[in-house]
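Working notes for the structure below.
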Amino acid sequence: MPSLPVEARTVPSERALAIWRSADAVCFDVDCTITVNDGLDLLAEFMGVKDEVEELTNKAMDGTMSLTRSLEERLNLINCSPDDIRRFIKAYPPQSRLAPGIKELIKALQKRGVAVYLISGGFRELLLPIAAYLGIPKDRVFANRMHWQWDDETGMPTKLVGFDISEPTARNQGKPEAIARIRETNPYNTVVMIGDGITDLEAVQTSGGADLFIGSGVVVEREAVVAEAEWYVYDYRQLVSALSRYKVAMVGSGAWACAAARMIAQNTSQDDPEDEFDDNVSMWVHQGGELVDVINATHENPAYFPGISLGPNVVATGSLAEAVADADLLVFCAPHQYVRGICKQLMGKVKPGAAAISLTKGMRVTPEGPELISQIVRRTLGIDCSVLMGGNIAEDVGREQLSEAVIGYSNLDNAQRFKKLFQRPYFRVTLLPDPIGAELCGTLKNIVALGVGMVDGLDLGPNSKAAVIRQGLLEMRDFCQALYPSVRDDTFLECCGVGDLVATCIGGRNRRVAEAWTRSAVEAAAAEGNGPASGRSWAELEAELLKGQKLQGVLTSNEVQQILRTRGWEAHYPLFTTINRIINGHLPPHLVVDYIEGAKAEIPDEAEEDPVP
Ligand code: NAD
Ligand code: 13P
Ligand code: MG
């Protein structure tokens, strides 16, 4: 490779950057790369033979003496006992020797699941405390071993007599050999070597070695290495900030989608060098057009979330494909009836290995049975999908009022990453290994909220409301466990269970629209005489009161009822059944508090059909 000026090497080529970002394993030299000094030089100083040994170390690093010979001569001069090594480690603990920024770099790699190795021409005896301090397991340390003379009487080592020359690290070309061994036993595609010396550079000069060498001038700059390294750094923070970052896409732009995108944007824009997330959050806006321009110019969504800034790093687009292109983390938050259509459009457009989370509350029912929104995402896109559920009225979260949520997960790594993405001081997130229970709770509570809205519309007090909520929670639990026996009892006491139920029954949209609908039905009934009333329609009130936001409870009630009817379960779910009959105009609203009777009532045959109320 022709030599480039030093300035050019400190800026990585596209190739180097791409390899760095996709590395499965990163191997570090130790002396003068991870530590600010050479372990053997320091030990030599400790033993009073500093100058002679330092000269031999530099000869090996500059390539003017073979590594094996230099090691032999240095050990001869040092001539230490095991006790000297113990005292040395106590005098120079790992934290006193680390190069600036190395701990943060290794932590950032480990956080991303990149395997970190130490490959050193130094000695295990001196390195293992450093590896332990950095959280690197012993089997990822490749280094030389000292040879000791053993005392027959005590069975203890007494005197240093040399070292094991069979280790690859004992000789030149040892580092690529160690990397080849690592590759033999691990399915790594991409391996990077980082080091200060000429023996580190050798890692890329032999086939089977590393895919990229990054020279380190953080502790010492060696001319021969500067001249040959494809990328040369003087500050490890440069490597941390060059690491890949998870890109987030919000699929949806309604009220909750905006409140959630705002939290995500607050987290991704933090000024933290270890930040795992790309600052920008893309947001798909179904309407496209002018609304996209307004959001990008004002950072607000006046249509669904007026008066609250989303943050300048939320970037709206009307193109679904553009929103998810390159996204590693997909957040689904569209009204539930649209998610299947959205997923169909996304088939083949999502980055392989991406992970999803659904904030949507609702389900789909097919002749084969129910399908949860997270299941639709998983089935159509072939990616893991967690759920985030809780008592989270969008506007209150936007005003940063204390709220709680759980992440229901099957893949813990993904859930932990999503927790980092959502958790805020005002938004407490916990992990729950019951994704189905959490998602179904969020879905079913919308039916109970309709019942509570009816109670309000009938001007009944808190006792009646409590009775409907209690029965609702019971039916939620029974329904979840009848469909999915693995759903846990405890889930109903979490914020996705009773928490969300309380929030939605006090301040949700389903409650609000159901109250208005009931008042209108009662008024119409008074005008028309007794019996099921036909006041204003749900669609009309949804449009008038929610101004484009969507009501999920009415659709969900019809979807759930289809399951109850098909399976002959209606009598076991008298509240769900009565609410469904009321919203479809087959029973008068006052039966919501007399749900046992409501579920027993004879209703006309045509009611077996699912009317669009
Ligand atoms: P929303 O109710 O405000 O719905 C409006 C959104 O639906 C807009 O973004 C609109 O563009 C989109 N939309 C309209 N027609 C569409 C179509 N044909 N295809 C795709 N999108 C279309 O949205 P939201 O409040 O973000 O709710 C999304 C989900 O989150 C729902 O399942 C809801 O139950 C749940 N949720 C809402 C809240 C809340 O307080 N709003 C809280 C928690 C959970
Ligand atoms: P509504 O859709 O009834 O407003 O409920 C919002 C919600 O799910 C709160 O957690
Ligand atoms: Mg070194």
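Residue numbers start at 1 in each chain; chains themselves are named A, B, ... in the order of the structure tokens; ligands are numbered from 1 in the order shown.
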
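Residues of protein, DNA or RNA having any atom at most 6 Å from ligand 3, counting only C-alpha atoms and all ligand atoms, are Asp29, Val30, Asp31, Cys32, Thr33, Gly195, Asp196 and Gly197 of chain A.
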
Output for the residues just chosen: all heavy atoms as an mmCIF file, in the first residue's frame:
```cif
data_model
loop_
_atom_site.group_PDB
_atom_site.id
_atom_site.type_symbol
_atom_site.label_atom_id
_atom_site.label_comp_id
_atom_site.auth_asym_id
_atom_site.auth_seq_id
_atom_site.Cartn_x
_atom_site.Cartn_y
_atom_site.Cartn_z
ATOM 1 N N ASP A 29 -3.983 -5.358 21.449
ATOM 2 C CA ASP A 29 -2.679 -5.540 22.061
ATOM 3 C C ASP A 29 -2.807 -4.945 23.476
ATOM 4 O O ASP A 29 -3.718 -4.156 23.737
ATOM 5 C CB ASP A 29 -1.649 -4.762 21.222
ATOM 6 C CG ASP A 29 -0.390 -4.528 21.986
ATOM 7 O OD1 ASP A 29 0.202 -5.525 22.429
ATOM 8 O OD2 ASP A 29 0.000 -3.352 22.167
ATOM 9 N N VAL A 30 -1.927 -5.280 24.380
ATOM 10 C CA VAL A 30 -2.060 -4.751 25.742
ATOM 11 C C VAL A 30 -1.044 -3.650 26.028
ATOM 12 O O VAL A 30 -1.419 -2.496 26.280
ATOM 13 C CB VAL A 30 -1.959 -5.887 26.794
ATOM 14 C CG1 VAL A 30 -2.049 -5.300 28.197
ATOM 15 C CG2 VAL A 30 -3.071 -6.904 26.572
ATOM 16 N N ASP A 31 0.249 -4.004 25.954
ATOM 17 C CA ASP A 31 1.275 -3.047 26.376
ATOM 18 C C ASP A 31 1.301 -1.827 25.471
ATOM 19 O O ASP A 31 1.445 -1.956 24.248
ATOM 20 C CB ASP A 31 2.642 -3.733 26.393
ATOM 21 C CG ASP A 31 2.696 -4.792 27.482
ATOM 22 O OD1 ASP A 31 2.188 -4.519 28.592
ATOM 23 O OD2 ASP A 31 3.209 -5.899 27.217
ATOM 24 N N CYS A 32 1.146 -0.656 26.062
ATOM 25 C CA CYS A 32 1.135 0.632 25.349
ATOM 26 C C CYS A 32 -0.059 0.794 24.402
ATOM 27 O O CYS A 32 -0.077 1.693 23.566
ATOM 28 C CB CYS A 32 2.430 0.880 24.586
ATOM 29 S SG CYS A 32 3.827 0.963 25.693
ATOM 30 N N THR A 33 -1.046 -0.110 24.500
ATOM 31 C CA THR A 33 -2.284 0.040 23.740
ATOM 32 C C THR A 33 -3.414 0.175 24.758
ATOM 33 O O THR A 33 -4.156 1.157 24.762
ATOM 34 C CB THR A 33 -2.531 -1.177 22.831
ATOM 35 O OG1 THR A 33 -1.490 -1.227 21.864
ATOM 36 C CG2 THR A 33 -3.875 -1.073 22.115
ATOM 37 N N GLY A 195 -3.505 -1.957 17.928
ATOM 38 C CA GLY A 195 -2.270 -2.012 18.705
ATOM 39 C C GLY A 195 -1.303 -0.912 18.325
ATOM 40 O O GLY A 195 -1.490 -0.208 17.342
ATOM 41 N N ASP A 196 -0.246 -0.796 19.119
ATOM 42 C CA ASP A 196 0.728 0.272 18.893
ATOM 43 C C ASP A 196 1.964 -0.216 18.140
ATOM 44 O O ASP A 196 2.716 0.587 17.604
ATOM 45 C CB ASP A 196 1.200 0.854 20.232
ATOM 46 C CG ASP A 196 1.999 -0.176 21.014
ATOM 47 O OD1 ASP A 196 1.424 -1.232 21.344
ATOM 48 O OD2 ASP A 196 3.209 0.055 21.263
ATOM 49 N N GLY A 197 2.187 -1.550 18.131
ATOM 50 C CA GLY A 197 3.489 -2.030 17.675
ATOM 51 C C GLY A 197 3.475 -2.728 16.330
ATOM 52 O O GLY A 197 2.415 -3.032 15.759
#
```

Could you produce a table of the residues of chain A lying within 7 Å of ligand 1, with the nearest pair of atoms per residue and their separation in Å rounded to one decimal, using only C-alpha atoms and all ligand atoms, ordered by chain and increasing residue number, as a tab-separated table?
```
residue	atom	partner	partner_atom_place_in_ligand_line	distance
A:Gly252	CA	ligand 1	9 (O)	5.1
A:Ser253	CA	ligand 1	9 (O)	3.8
A:Gly254	CA	ligand 1	3 (O)	3.4
A:Ala255	CA	ligand 1	25 (O)	3.8
A:Trp256	CA	ligand 1	26 (O)	3.6
A:Ala257	CA	ligand 1	26 (O)	4.0
A:Cys258	CA	ligand 1	26 (O)	6.6
A:Val285	CA	ligand 1	11 (O)	5.8
A:His286	CA	ligand 1	11 (O)	4.4
A:Gln287	CA	ligand 1	11 (O)	5.5
A:Tyr304	CA	ligand 1	3 (O)	5.6
A:Cys333	CA	ligand 1	28 (C)	4.8
A:Ala334	CA	ligand 1	28 (C)	4.3
A:Pro335	CA	ligand 1	31 (C)	4.1
A:His336	CA	ligand 1	32 (O)	4.9
A:Tyr338	CA	ligand 1	19 (N)	4.9
A:Ile342	CA	ligand 1	20 (C)	7.0
A:Leu359	CA	ligand 1	30 (O)	5.5
A:Thr360	CA	ligand 1	32 (O)	3.7
A:Lys361	CA	ligand 1	32 (O)	3.8
A:Gly362	CA	ligand 1	32 (O)	5.8
A:Asn392	CA	ligand 1	42 (C)	5.0
A:Ile393	CA	ligand 1	40 (O)	3.6
A:Ala394	CA	ligand 1	40 (O)	3.7
A:Glu395	CA	ligand 1	40 (O)	6.5
A:Gly508	CA	ligand 1	40 (O)	6.8
A:Gly548	CA	ligand 1	5 (C)	5.7
A:Gln549	CA	ligand 1	3 (O)	3.6
A:Lys550	CA	ligand 1	2 (O)	3.6
A:Leu551	CA	ligand 1	2 (O)	6.4
A:Gln552	CA	ligand 1	34 (O)	5.6
```

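Checking A:Thr518, A:Ser70, A:Thr169, A:Gln238 one by one against Asn144 in chain A, counting only C-alpha atoms, you find the shortest gap at A:Thr169.
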
Given 6 Å and only C-alpha atoms and all ligand atoms, residues near ligand 2 as an mmCIF file with all heavy atoms, in the first residue's frame:
```cif
data_model
loop_
_atom_site.group_PDB
_atom_site.id
_atom_site.type_symbol
_atom_site.label_atom_id
_atom_site.label_comp_id
_atom_site.auth_asym_id
_atom_site.auth_seq_id
_atom_site.Cartn_x
_atom_site.Cartn_y
_atom_site.Cartn_z
ATOM 1 N N GLY A 390 -48.982 0.081 29.175
ATOM 2 C CA GLY A 390 -49.122 0.668 30.507
ATOM 3 C C GLY A 390 -50.208 1.723 30.487
ATOM 4 O O GLY A 390 -50.832 1.968 29.446
ATOM 5 N N GLY A 391 -50.435 2.340 31.627
ATOM 6 C CA GLY A 391 -51.397 3.444 31.705
ATOM 7 C C GLY A 391 -50.713 4.687 31.183
ATOM 8 O O GLY A 391 -50.013 5.369 31.929
ATOM 9 N N ASN A 392 -50.878 4.950 29.904
ATOM 10 C CA ASN A 392 -50.085 5.989 29.250
ATOM 11 C C ASN A 392 -50.949 6.877 28.369
ATOM 12 O O ASN A 392 -50.920 6.764 27.142
ATOM 13 C CB ASN A 392 -48.971 5.360 28.392
ATOM 14 C CG ASN A 392 -48.075 4.400 29.160
ATOM 15 O OD1 ASN A 392 -47.683 3.373 28.643
ATOM 16 N ND2 ASN A 392 -47.758 4.719 30.402
ATOM 17 N N ILE A 393 -51.725 7.736 28.986
ATOM 18 C CA ILE A 393 -52.491 8.690 28.183
ATOM 19 C C ILE A 393 -51.478 9.623 27.505
ATOM 20 O O ILE A 393 -50.645 10.250 28.192
ATOM 21 C CB ILE A 393 -53.451 9.509 29.078
ATOM 22 C CG1 ILE A 393 -54.367 8.586 29.906
ATOM 23 C CG2 ILE A 393 -54.233 10.543 28.269
ATOM 24 C CD1 ILE A 393 -55.429 7.844 29.168
ATOM 25 N N ASN A 446 -59.676 -1.610 26.658
ATOM 26 C CA ASN A 446 -60.458 -0.639 25.869
ATOM 27 C C ASN A 446 -61.947 -0.990 25.872
ATOM 28 O O ASN A 446 -62.799 -0.106 25.748
ATOM 29 C CB ASN A 446 -59.936 -0.579 24.435
ATOM 30 C CG ASN A 446 -58.646 0.223 24.334
ATOM 31 O OD1 ASN A 446 -58.366 1.068 25.196
ATOM 32 N ND2 ASN A 446 -57.863 -0.017 23.301
ATOM 33 N N ASP A 500 -53.176 0.301 33.585
ATOM 34 C CA ASP A 500 -53.745 0.841 32.349
ATOM 35 C C ASP A 500 -55.270 0.933 32.456
ATOM 36 O O ASP A 500 -55.893 1.890 31.974
ATOM 37 C CB ASP A 500 -53.351 -0.060 31.169
ATOM 38 C CG ASP A 500 -53.569 0.613 29.818
ATOM 39 O OD1 ASP A 500 -53.943 1.801 29.802
ATOM 40 O OD2 ASP A 500 -53.380 -0.056 28.787
ATOM 41 N N THR A 504 -57.161 4.431 31.776
ATOM 42 C CA THR A 504 -58.053 4.552 30.624
ATOM 43 C C THR A 504 -59.498 4.781 31.065
ATOM 44 O O THR A 504 -60.262 5.484 30.399
ATOM 45 C CB THR A 504 -57.876 3.307 29.727
ATOM 46 O OG1 THR A 504 -58.306 3.612 28.438
ATOM 47 C CG2 THR A 504 -58.637 2.109 30.211
ATOM 48 N N GLY A 508 -59.311 8.158 29.422
ATOM 49 C CA GLY A 508 -59.092 7.726 28.047
ATOM 50 C C GLY A 508 -60.162 8.169 27.058
ATOM 51 O O GLY A 508 -61.237 8.665 27.429
ATOM 52 N N ARG A 509 -59.820 7.956 25.793
ATOM 53 C CA ARG A 509 -60.721 8.377 24.707
ATOM 54 C C ARG A 509 -61.929 7.458 24.582
ATOM 55 O O ARG A 509 -63.026 7.905 24.247
ATOM 56 C CB ARG A 509 -59.951 8.373 23.376
ATOM 57 C CG ARG A 509 -58.769 9.284 23.381
ATOM 58 C CD ARG A 509 -57.908 9.117 22.159
ATOM 59 N NE ARG A 509 -57.296 7.798 22.078
ATOM 60 C CZ ARG A 509 -56.364 7.450 21.205
ATOM 61 N NH1 ARG A 509 -55.936 8.344 20.323
ATOM 62 N NH2 ARG A 509 -55.863 6.240 21.190
ATOM 63 N N ASN A 510 -61.704 6.169 24.847
ATOM 64 C CA ASN A 510 -62.823 5.217 24.756
ATOM 65 C C ASN A 510 -63.912 5.570 25.758
ATOM 66 O O ASN A 510 -65.098 5.557 25.448
ATOM 67 C CB ASN A 510 -62.315 3.794 25.006
ATOM 68 C CG ASN A 510 -61.515 3.277 23.824
ATOM 69 O OD1 ASN A 510 -62.075 2.928 22.793
ATOM 70 N ND2 ASN A 510 -60.202 3.278 23.965
#
```

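Minimum atom-to-atom distances from A:Val387, A:Leu105, A:Ala242, A:Val397 to Cys441 in chain A were compared using only C-alpha atoms, and the lowest value belongs to A:Val387.
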
### Query
In Å to one decimal, how far is CA of Asp396 in chain A from CA of Ala516 in chain A?
21.9 Å

To test your reading of the structure, identify every residue in range 21-114 of chain A that backbone DSSP assigns to strand (DSSP E or B), and report it as a PDB file with N, CA, C and O atoms, in the first residue's frame.
```pdb
ATOM      1  N   ALA A  25     -15.524  -9.290  16.360  1.00  0.00           N
ATOM      2  CA  ALA A  25     -14.538  -9.412  17.432  1.00  0.00           C
ATOM      3  C   ALA A  25     -13.475  -8.335  17.241  1.00  0.00           C
ATOM      4  O   ALA A  25     -13.102  -8.014  16.112  1.00  0.00           O
ATOM      5  N   VAL A  26     -13.019  -7.761  18.362  1.00  0.00           N
ATOM      6  CA  VAL A  26     -11.929  -6.796  18.315  1.00  0.00           C
ATOM      7  C   VAL A  26     -10.823  -7.299  19.241  1.00  0.00           C
ATOM      8  O   VAL A  26     -11.079  -7.605  20.405  1.00  0.00           O
ATOM      9  N   CYS A  27      -9.607  -7.427  18.676  1.00  0.00           N
ATOM     10  CA  CYS A  27      -8.477  -7.923  19.454  1.00  0.00           C
ATOM     11  C   CYS A  27      -7.572  -6.747  19.790  1.00  0.00           C
ATOM     12  O   CYS A  27      -7.190  -5.978  18.897  1.00  0.00           O
ATOM     13  N   PHE A  28      -7.237  -6.627  21.060  1.00  0.00           N
ATOM     14  CA  PHE A  28      -6.368  -5.534  21.485  1.00  0.00           C
ATOM     15  C   PHE A  28      -5.008  -6.078  21.898  1.00  0.00           C
ATOM     16  O   PHE A  28      -4.920  -7.080  22.613  1.00  0.00           O
ATOM     17  N   THR A  35      -2.610  -0.347  28.147  1.00  0.00           N
ATOM     18  CA  THR A  35      -1.956   0.254  29.318  1.00  0.00           C
ATOM     19  C   THR A  35      -1.038   1.390  28.876  1.00  0.00           C
ATOM     20  O   THR A  35      -0.573   1.407  27.735  1.00  0.00           O
ATOM     21  N   LEU A  98      -4.254   2.015  33.013  1.00  0.00           N
ATOM     22  CA  LEU A  98      -5.051   2.028  31.765  1.00  0.00           C
ATOM     23  C   LEU A  98      -4.869   3.304  30.952  1.00  0.00           C
ATOM     24  O   LEU A  98      -4.793   4.409  31.501  1.00  0.00           O
TER      25      LEU A  98
END
```

### Query
For Val240 in chain A, which residue among A:Lys90, A:Lys547, A:Lys111, A:Arg512 is the nearest when counting only C-alpha atoms?
A:Lys111

Counting only C-alpha atoms, what are the residues of range 522-577 of chain A within 12 Å of range 366-372 of chain A, and for each of them which pair of atoms is the nearest and at what distance in Å, to one decimal? Sort the table by chain and rising number, as a Markdown table.
```
| residue | atom | partner | partner_atom | distance |
| --- | --- | --- | --- | --- |
| A:Thr556 | CA | A:Pro370 | CA | 11.2 |
| A:Glu559 | CA | A:Pro370 | CA | 8.5 |
| A:Val560 | CA | A:Pro370 | CA | 8.4 |
| A:Gln561 | CA | A:Pro370 | CA | 11.1 |
| A:Gln562 | CA | A:Thr366 | CA | 9.3 |
| A:Ile563 | CA | A:Gly369 | CA | 7.2 |
| A:Leu564 | CA | A:Gly369 | CA | 10.7 |
| A:Arg565 | CA | A:Gly369 | CA | 11.8 |
| A:Thr566 | CA | A:Pro367 | CA | 9.2 |
| A:Arg567 | CA | A:Gly369 | CA | 9.9 |
```

### Message
Applying 10 Å and only C-alpha atoms, which residues near Glu52 in chain A remain after dropping the ones on its own chain fewer than 6 positions away? List them as a PyMOL selection string.
### Response
chain A and resi 41+44-45+73-74+77-78

### Message
Quick check, in Å to one decimal: how far apart do CA of Asp200 in chain A and CA of Gly48 in chain A lie?
### Response
28.2 Å

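Each of A:Phe305, A:Trp569, A:Ala514, A:Val315 was compared to Asp293 in chain A using only C-alpha atoms, and A:Val315 turns out to be the nearest.
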
Please provide as a CSV table (one decimal) with C-alpha atoms, in the first residue's frame all residues within 10 Å of Cys496 in chain A, with the sequence filter that same-chain residues fewer than 6 positions apart are discarded (counting only C-alpha atoms).
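What ended up in selection29.csv:
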```
chain,number,residue,atom,x,y,z
A,388,LEU,CA,-44.8,-1.7,25.5
A,389,MET,CA,-47.9,-1.4,27.5
A,390,GLY,CA,-49.1,0.7,30.5
A,391,GLY,CA,-51.4,3.4,31.7
A,392,ASN,CA,-50.1,6.0,29.3
A,404,GLU,CA,-45.3,3.6,34.1
A,405,ALA,CA,-45.0,1.0,31.4
A,406,VAL,CA,-43.8,-2.6,31.0
A,407,ILE,CA,-42.0,-4.1,28.1
A,408,GLY,CA,-43.4,-7.5,27.5
A,432,LEU,CA,-42.0,-8.4,32.0
A,437,GLY,CA,-50.4,-11.1,28.8
A,438,ALA,CA,-49.2,-7.5,28.6
A,439,GLU,CA,-50.5,-7.0,25.0
A,440,LEU,CA,-53.9,-8.6,25.7
A,441,CYS,CA,-54.3,-6.4,28.8
A,442,GLY,CA,-53.7,-3.3,26.7
A,443,THR,CA,-56.2,-4.5,24.1
A,445,LYS,CA,-59.1,-2.7,28.8
```

### Task
Write out as a ChimeraX atom specification each polymer residue whose atoms come within 9 Å of range 116-127 of chain A, counting only C-alpha atoms; drop sequence neighbours fewer than 6 positions from it.
/A:24-31,38-40,67,71,85,88-89,94,106,109-110,136-137,139-146,163,168-171,174-175,178-179,193,199-200

### Query
Hey, what's within 8 Å of range 14-18 of chain A if we count only C-alpha atoms and toss same-chain stuff fewer than 2 positions away? As a VMD selection string, please?
chain A and resid 12 20 to 22 212 230 to 231 242

### Message
Can you pull out the residues contacting Val218 in chain A? Cut-off 7 Å, using only C-alpha atoms, and skip same-chain residues under 5 positions away; I want them as a ChimeraX atom specification.
### Response
/A:233-235

### Task
Go through range 112-339 of chain A and collect every residue that DSSP, computed from the backbone, puts in alpha helix (DSSP H); the answer should be as a VMD selection string.
chain A and resid 124 to 133 174 to 185 198 to 201 223 to 228 236 to 242 255 to 268 289 to 298 320 to 324 336 to 339

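If only C-alpha atoms are the atoms counted, then among A:Ala356, A:Val292, A:Val452, A:Leu42 the closest residue to Gly318 in chain A is A:Val292.
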
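We find CA of Leu587 in chain A and CA of Ser537 in chain A to be spaced 15.0 Å apart.
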